[in-house]
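Here the structure comes first, spelled out in structure tokens, and everything after it is commentary.
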Amino acid sequence: RPPLLLWCSSRLMHRARHRSELPLLLLLAGVHAQYPARETAAALRWWCEPSRGHEAGALCMRAAMTEAIANANDESEKLAKVDELKTAIQAGRIDGQAVDATNPERHEMMQGWCSSSGGADAAGRKQACGRVSSRKDFVARRAVLLTWWCGEQGHAGSLKCKQMEFGSRIEATRAGAERKRLALEFKAGQEEGSEETIEAEQKQMMRAVCTSSHGKSDLFRSLCKNHVELR
């Protein structure tokens with residue numbers, strides 16, 4: 001069945017390419033940490049159990065439609081199910097692939113699953129839940145940097161600060177259409193050379209925060225010790 005799911009994803013990505021949306025898909029998908037596929041599937045089954053009350057949410061609705069594609073009996077049925085999925089995405093009833101990857105509910109799901117005793121082998125669960133923990137630390141560090149670097153240190157409005165603000169807004173936005181709008185708005189504001197400017201400010205910011213009192217905190221200590229940009 002995994003090959004059918006991959007077939008479905010690749011087909012939708014192929015269509016996105018021809019609509020010139022692939023850069024946006026990559027921008028959106030890059031906002032969040034990616035979790036291992038097997039453990040994500042286990043967490044999704046756990047999250048979408050009727051007793052948990054999430055089956056009407058965009059995450060579980062998309063999962064149900066994708067599962068229907070995987071369970072299709074032949075090629076024509078698969079194509080019909082893919083078209084149903086495409087129609088639901090276009091109508092805004094569920095999120096497209098990249099927008100779904102940024103759904104805040106996905107991280108709530110992983111956190112809940114990691115706090116439960118639900119399935120998956122110990123090694124896989126440890127890896128996935130390690131990423132959940134790392135992401136929580138990343139979000140907490142970003143909040144500190146937005147306050148300290150962008151506020152107290154006077155860098156508000158810089159490209160790096162705008163990037164961090166964009167990430168925070170995406171993660172706080174439930175509606176997939178609004179997340180896509182924010183991504184389009186952010187992408188439209190990028191100029192040639194923006195990536196190099198952001199990278200340079202990233203290095204400057206990390207050097208500064210790691211030599212400040214924040215660098216000695218539990219949240220930053222390990223990162224500052226091992227950060228390649230400080231070498």
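Chain labels run A, B, ... following the order of the structure tokens; each chain numbers its residues from 1, and ligands are numbered from 1 in the order shown.
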
- Might you pull out every residue within 10 Å of range 101-109 of chain A, with only C-alpha atoms counted and same-chain residues fewer than 2 positions away left off, and present them as an MDAnalysis selection string? chainID A and resid 25 28:35 40 43:44 46:48 54 57:60 95:99 111:115 132 135:136 167 170:176 179:180

- DSSP on the backbone, then: every residue of range 69-103 of chain A marked helix (DSSP H, G or I), written as number ranges by chain. A: 69-70, 75-90, 97-101

- Item | Nearest candidate to Phe186 in chain A (options A:Glu75, A:Glu165, A:Glu152, A:Asp121; using only C-alpha atoms) | A:Glu165

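Using only C-alpha atoms, the smallest distance between any of A:Ala42, A:Arg141, A:Ala200, A:Arg181 and Gly215 in chain A comes from A:Arg141.
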
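Each of A:Met205, A:Arg62, A:Lys126, A:Gly92 was checked against Glu178 in chain A using only C-alpha atoms; the smallest atom-to-atom distance is that of A:Gly92.
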
- Task: Find the residue from A:Ala63, A:Glu77, A:Ser212, A:Met206 that sits nearest to Asn226 in chain A; use only C-alpha atoms when measuring.
- Result: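 The answer is A:Met206, which sits nearest to Asn226 in chain A.
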
- Message: Residues near Trp149 in chain A, anyone? I mean within 10 Å using only C-alpha atoms, not counting same-chain ones fewer than 5 positions away, as an MDAnalysis selection string.
- Response: chainID A and resid 142:144 154:156 160:161 205:206 208:209

What lies within 7 Å of Met61 in chain A using only C-alpha atoms, ignoring chain neighbours under 5 positions off, as a compact mmCIF listing (two decimals) with C-alpha atoms, in the first residue's frame?
```
# COMPACT_ATOMS: atom_id res chain seq x y z
CA GLU A 55 -12.33 12.88 12.42
CA ALA A 56 -14.03 16.04 11.09
CA ILE A 94 -9.16 19.88 3.06
```

- Task: State, in Å with one decimal place, the distance from CA of Ser222 in chain A to CA of Ser133 in chain A.
- Result: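 Going from CA of Ser222 in chain A over to CA of Ser133 in chain A covers 14.1 Å.
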